[in-house]
Amino acid sequence: MNKKELNPYVSVDCVIFGFDLEQLYVLLIDSGSMEGYKQSRMAVPGDLIYDTENLDTAARRVLKELTGIENIYLEQIGAFGDPDRIGKKASDRKWLESIRAMPEARVITVAYYSLVRMPNFNPKASSFAKSAGWAPVSEVHDLAFDHYEILQSGLEQLKRKIKIQPIGFNLLPEKFTLSQLHKLYECIYDKALDKRNFRRKILNLNILTNLDEKQIGVPHKPSQLFKFNEENYKKLSEEGFDNFGF
């Protein structure tokens, strides 16, 4: 079978989260506006799979082809199979007709998500993506196809997992302040968290290492820097501790 033969019925989509120490971001591509439609078509990176590749391989390939990002851990969110999930909007139907051999085909997609340190990645659009870049999650209200639903599912999975695993550290620089960590959790939960209670609990978990260093070159009083202590976290996990929520 020709490796380059696309399966018209199965796709993968990737929800990639980043954090700039102030806001939670998601990586989006612009697949281009259609004639008669002024607005661009923003979407999470996604495309059809090849018949000969598995889903994980397809997700990594599609992400690299559309944004240039590679070598990151991707975890499945779930499958989305509404019969009309890609044809509800007129602009989506027109786009499909212009780019796919079988635009009327029902497509089931498997979505993935990942957490990355934004400064480590410089998205570069290619293939059918007209642009690729980061958008504040709080400002995203509509996407192509059912990608807004997929984004929301990725957020819900992030909220669930951060309560049982301290995965938020994957979004932070290696060295960070307690205020930056607190802001991250507020962005993920989308609500205010009492600063004093947050700091008390996170320090009592003993999964942070005080670096005896402070911020440099900031326009305010420098704050203490910390680092995630993976060894102490592993000890907690081995003891069966799984409550990292706030």
# chains A, B, ... in the order shown; residues from 1 in each chain; ligands from 1
$ residues_around --residues "Pro123 of chain A" --least-positions-apart "4" --cutoff "7 Å" --atoms "only C-alpha atoms" --output "compact mmCIF listing (two decimals) with C-alpha atoms, in the first residue's frame"
# COMPACT_ATOMS: atom_id res chain seq x y z
CA THR A 67 3.90 24.00 12.76
CA GLY A 68 7.48 22.71 12.69
CA ILE A 69 7.19 21.56 16.31
CA ALA A 132 1.01 29.17 13.17
CA GLY A 133 1.25 30.86 16.54
$ closest_atom_pairs --of "segment 39-131 of chain A" --to "segment 165-182 of chain A" --cutoff "7 Å" --atoms "only C-alpha atoms" --output "JSON lines"
{"residue": "A:Leu115", "atom": "CA", "partner": "A:Leu171", "partner_atom": "CA", "distance": 5.8}
{"residue": "A:Val116", "atom": "CA", "partner": "A:Leu171", "partner_atom": "CA", "distance": 5.3}
{"residue": "A:Arg117", "atom": "CA", "partner": "A:Leu171", "partner_atom": "CA", "distance": 4.9}
$ residues_around --residues "segment 138-153 of chain A" --least-positions-apart "5" --cutoff "6 Å" --atoms "only C-alpha atoms" --output "list in words"
Arg41, Met42, Ala43, Arg85 and Ile86 of chain A
$ select_by_dssp --residues "segment 100-150 of chain A" --states "helix (DSSP H, G or I)" --output "PyMOL selection string"
chain A and resi 118-120+137-139+147-150
$ atom_distance --atom1 "atom CA of Met102 of chain A" --atom2 "atom CA of Leu27 of chain A"
27.1 Å
$ residues_around --residues "Leu63 of chain A" --least-positions-apart "5" --cutoff "9 Å" --atoms "only C-alpha atoms" --output "number ranges by chain"
A: 13-14, 45-47, 58, 68-70
$ write_last_selection --atoms "N, CA and C atoms" --output "CSV table (one decimal), in the first residue's frame"
chain,number,residue,atom,x,y,z
A,13,ASP,N,-5.8,15.5,15.7
A,13,ASP,CA,-5.8,16.9,16.1
A,13,ASP,C,-5.0,17.1,17.3
A,14,CYS,N,-4.2,18.2,17.4
A,14,CYS,CA,-3.3,18.4,18.5
A,14,CYS,C,-3.5,19.7,19.3
A,45,PRO,N,-3.8,22.4,15.2
A,45,PRO,CA,-3.1,21.6,14.1
A,45,PRO,C,-3.7,20.2,14.0
A,46,GLY,N,-4.1,19.9,12.8
A,46,GLY,CA,-4.7,18.6,12.6
A,46,GLY,C,-4.8,18.2,11.1
A,47,ASP,N,-4.9,16.9,10.8
A,47,ASP,CA,-5.0,16.5,9.4
A,47,ASP,C,-5.3,15.0,9.3
A,58,ALA,N,1.0,9.5,13.5
A,58,ALA,CA,0.3,10.5,12.7
A,58,ALA,C,0.3,11.9,13.4
A,68,GLY,N,6.0,22.9,12.5
A,68,GLY,CA,7.5,22.7,12.7
A,68,GLY,C,7.9,22.2,14.1
A,69,ILE,N,6.9,22.0,14.9
A,69,ILE,CA,7.2,21.6,16.3
A,69,ILE,C,7.3,20.0,16.3
A,70,GLU,N,8.3,19.5,17.0
A,70,GLU,CA,8.6,18.1,17.0
A,70,GLU,C,9.2,17.7,18.4
$ atom_distance --atom1 "atom CA of Glu75 of chain A" --atom2 "atom CA of Ile49 of chain A"
16.7 Å
$ select_by_dssp --residues "segment 89-183 of chain A" --states "strand (DSSP E or B)" --output "PyMOL selection string"
chain A and resi 108-115+131-136+176
$ closest_residue --among "A:Ala192, A:Gln224, A:Asn210, A:Ser11" --to "Phe246 of chain A" --atoms "only C-alpha atoms"
A:Ala192
$ residues_around --residues "Val12 of chain A" --least-positions-apart "6" --cutoff "12 Å" --atoms "only C-alpha atoms" --output "ChimeraX atom specification"
/A:44-50,53-63,74-81,107-113,147,150
$ write_last_selection --atoms "C-alpha atoms" --output "short mmCIF file (atom, residue, chain, number, x, y, z; two decimals), in the first residue's frame"
data_model
loop_
_atom_site.label_atom_id
_atom_site.label_comp_id
_atom_site.auth_asym_id
_atom_site.auth_seq_id
_atom_site.Cartn_x
_atom_site.Cartn_y
_atom_site.Cartn_z
CA VAL A 44 -5.74 23.41 16.26
CA PRO A 45 -3.12 21.61 14.12
CA GLY A 46 -4.71 18.55 12.56
CA ASP A 47 -5.02 16.50 9.38
CA LEU A 48 -5.86 13.08 7.96
CA ILE A 49 -3.67 10.09 8.77
CA TYR A 50 -1.86 7.84 6.28
CA GLU A 53 0.77 4.86 10.19
CA ASN A 54 -0.56 4.49 13.70
CA LEU A 55 -2.33 7.34 15.48
CA ASP A 56 0.59 8.44 17.66
CA THR A 57 2.92 8.59 14.67
CA ALA A 58 0.32 10.52 12.68
CA ALA A 59 -0.14 13.08 15.46
CA ARG A 60 3.59 13.78 15.66
CA ARG A 61 3.88 14.00 11.86
CA VAL A 62 0.92 16.34 11.44
CA LEU A 63 2.13 18.64 14.21
CA LEU A 74 1.61 13.84 23.22
CA GLU A 75 -1.21 12.23 25.20
CA GLN A 76 -4.62 11.25 23.84
CA ILE A 77 -7.64 13.29 24.88
CA GLY A 78 -10.19 11.07 23.16
CA ALA A 79 -12.11 10.49 19.92
CA PHE A 80 -14.64 12.85 18.35
CA GLY A 81 -17.11 11.25 15.98
CA VAL A 107 -14.17 11.95 9.56
CA ILE A 108 -13.54 10.63 13.04
CA THR A 109 -10.67 12.40 14.77
CA VAL A 110 -8.47 11.36 17.68
CA ALA A 111 -7.26 14.37 19.65
CA TYR A 112 -4.02 14.75 21.61
CA TYR A 113 -2.71 17.35 24.00
CA HIS A 147 -11.99 22.32 17.35
CA ILE A 150 -11.70 19.67 21.29
#
$ residues_around --residues "segment 230-245 of chain A" --least-positions-apart "2" --cutoff "10 Å" --atoms "only C-alpha atoms" --output "PyMOL selection string"
chain A and resi 159-167+185+189+198+201-202+205-209+227-228
$ write_last_selection --atoms "N, CA and C atoms" --output "PDB file, in the first residue's frame"
ATOM      1  N   LYS A 159      -7.148  20.028  33.650  1.00  0.00           N
ATOM      2  CA  LYS A 159      -7.632  20.306  34.998  1.00  0.00           C
ATOM      3  C   LYS A 159      -7.699  19.035  35.840  1.00  0.00           C
ATOM      4  N   ARG A 160      -8.144  17.944  35.230  1.00  0.00           N
ATOM      5  CA  ARG A 160      -8.237  16.680  35.967  1.00  0.00           C
ATOM      6  C   ARG A 160      -6.856  16.160  36.346  1.00  0.00           C
ATOM      7  N   LYS A 161      -5.940  16.203  35.384  1.00  0.00           N
ATOM      8  CA  LYS A 161      -4.626  15.603  35.629  1.00  0.00           C
ATOM      9  C   LYS A 161      -3.782  16.412  36.596  1.00  0.00           C
ATOM     10  N   ILE A 162      -3.951  17.739  36.563  1.00  0.00           N
ATOM     11  CA  ILE A 162      -3.116  18.560  37.441  1.00  0.00           C
ATOM     12  C   ILE A 162      -3.502  18.366  38.907  1.00  0.00           C
ATOM     13  N   LYS A 163      -4.681  17.782  39.149  1.00  0.00           N
ATOM     14  CA  LYS A 163      -5.104  17.499  40.516  1.00  0.00           C
ATOM     15  C   LYS A 163      -4.446  16.243  41.078  1.00  0.00           C
ATOM     16  N   ILE A 164      -3.992  15.352  40.185  1.00  0.00           N
ATOM     17  CA  ILE A 164      -3.397  14.102  40.646  1.00  0.00           C
ATOM     18  C   ILE A 164      -1.922  13.973  40.289  1.00  0.00           C
ATOM     19  N   GLN A 165      -1.447  14.841  39.384  1.00  0.00           N
ATOM     20  CA  GLN A 165      -0.035  14.857  39.013  1.00  0.00           C
ATOM     21  C   GLN A 165       0.398  16.312  38.831  1.00  0.00           C
ATOM     22  N   PRO A 166       1.558  16.679  39.306  1.00  0.00           N
ATOM     23  CA  PRO A 166       2.004  18.074  39.166  1.00  0.00           C
ATOM     24  C   PRO A 166       2.549  18.364  37.764  1.00  0.00           C
ATOM     25  N   ILE A 167       1.721  18.116  36.743  1.00  0.00           N
ATOM     26  CA  ILE A 167       2.187  18.253  35.360  1.00  0.00           C
ATOM     27  C   ILE A 167       2.375  19.708  34.947  1.00  0.00           C
ATOM     28  N   TYR A 185      -1.608  27.996  38.079  1.00  0.00           N
ATOM     29  CA  TYR A 185      -2.762  27.229  38.553  1.00  0.00           C
ATOM     30  C   TYR A 185      -4.047  28.040  38.417  1.00  0.00           C
ATOM     31  N   TYR A 189      -7.167  26.580  36.222  1.00  0.00           N
ATOM     32  CA  TYR A 189      -8.478  26.422  36.857  1.00  0.00           C
ATOM     33  C   TYR A 189      -9.471  27.507  36.449  1.00  0.00           C
ATOM     34  N   PHE A 198      -2.491  28.545  48.946  1.00  0.00           N
ATOM     35  CA  PHE A 198      -1.766  27.885  47.856  1.00  0.00           C
ATOM     36  C   PHE A 198      -0.311  27.669  48.232  1.00  0.00           C
ATOM     37  N   LYS A 201       0.178  24.958  50.973  1.00  0.00           N
ATOM     38  CA  LYS A 201       0.016  23.574  50.519  1.00  0.00           C
ATOM     39  C   LYS A 201       1.153  23.138  49.616  1.00  0.00           C
ATOM     40  N   ILE A 202       1.554  23.977  48.658  1.00  0.00           N
ATOM     41  CA  ILE A 202       2.601  23.576  47.720  1.00  0.00           C
ATOM     42  C   ILE A 202       3.925  23.371  48.446  1.00  0.00           C
ATOM     43  N   LEU A 205       3.944  20.058  50.419  1.00  0.00           N
ATOM     44  CA  LEU A 205       4.104  18.857  49.592  1.00  0.00           C
ATOM     45  C   LEU A 205       5.564  18.444  49.472  1.00  0.00           C
ATOM     46  N   ASN A 206       6.456  19.409  49.682  1.00  0.00           N
ATOM     47  CA  ASN A 206       7.900  19.144  49.609  1.00  0.00           C
ATOM     48  C   ASN A 206       8.328  18.660  48.225  1.00  0.00           C
ATOM     49  N   ILE A 207       7.722  19.224  47.179  1.00  0.00           N
ATOM     50  CA  ILE A 207       8.135  18.869  45.819  1.00  0.00           C
ATOM     51  C   ILE A 207       8.838  20.046  45.134  1.00  0.00           C
ATOM     52  N   LEU A 208       9.189  21.064  45.931  1.00  0.00           N
ATOM     53  CA  LEU A 208       9.953  22.191  45.416  1.00  0.00           C
ATOM     54  C   LEU A 208      11.295  22.272  46.114  1.00  0.00           C
ATOM     55  N   THR A 209      12.306  22.643  45.372  1.00  0.00           N
ATOM     56  CA  THR A 209      13.629  22.874  45.944  1.00  0.00           C
ATOM     57  C   THR A 209      13.910  24.373  45.953  1.00  0.00           C
ATOM     58  N   LYS A 227      12.682  25.221  42.141  1.00  0.00           N
ATOM     59  CA  LYS A 227      12.788  24.227  41.085  1.00  0.00           C
ATOM     60  C   LYS A 227      11.965  23.005  41.478  1.00  0.00           C
ATOM     61  N   PHE A 228      11.344  22.352  40.512  1.00  0.00           N
ATOM     62  CA  PHE A 228      10.566  21.148  40.780  1.00  0.00           C
ATOM     63  C   PHE A 228      11.506  20.030  41.218  1.00  0.00           C
TER      64      PHE A 228
END
$ closest_residue --among "A:Val10, A:Ile16, A:Leu24, A:Ile99" --to "Leu184 of chain A" --atoms "only C-alpha atoms"
A:Leu24
$ closest_residue --among "A:Asp92, A:Pro83, A:Ala125, A:Tyr73" --to "Ile29 of chain A" --atoms "only C-alpha atoms"
A:Ala125
$ residues_around --residues "Lys214 of chain A" --least-positions-apart "5" --cutoff "6 Å" --atoms "only C-alpha atoms" --output "list in words"
Pro222, Ser223, Gln224 and Leu225 of chain A
$ write_last_selection --atoms "N, CA and C atoms" --output "compact mmCIF listing (two decimals), in the first residue's frame"
# COMPACT_ATOMS: atom_id res chain seq x y z
N PRO A 222 13.04 41.44 43.93
CA PRO A 222 13.28 40.08 43.41
C PRO A 222 12.66 39.01 44.31
N SER A 223 12.04 38.03 43.71
CA SER A 223 11.41 36.93 44.44
C SER A 223 12.31 35.70 44.47
N GLN A 224 12.08 34.86 45.45
CA GLN A 224 12.83 33.62 45.60
C GLN A 224 12.55 32.68 44.44
N LEU A 225 13.56 32.00 43.96
CA LEU A 225 13.41 31.04 42.87
C LEU A 225 13.38 29.62 43.41
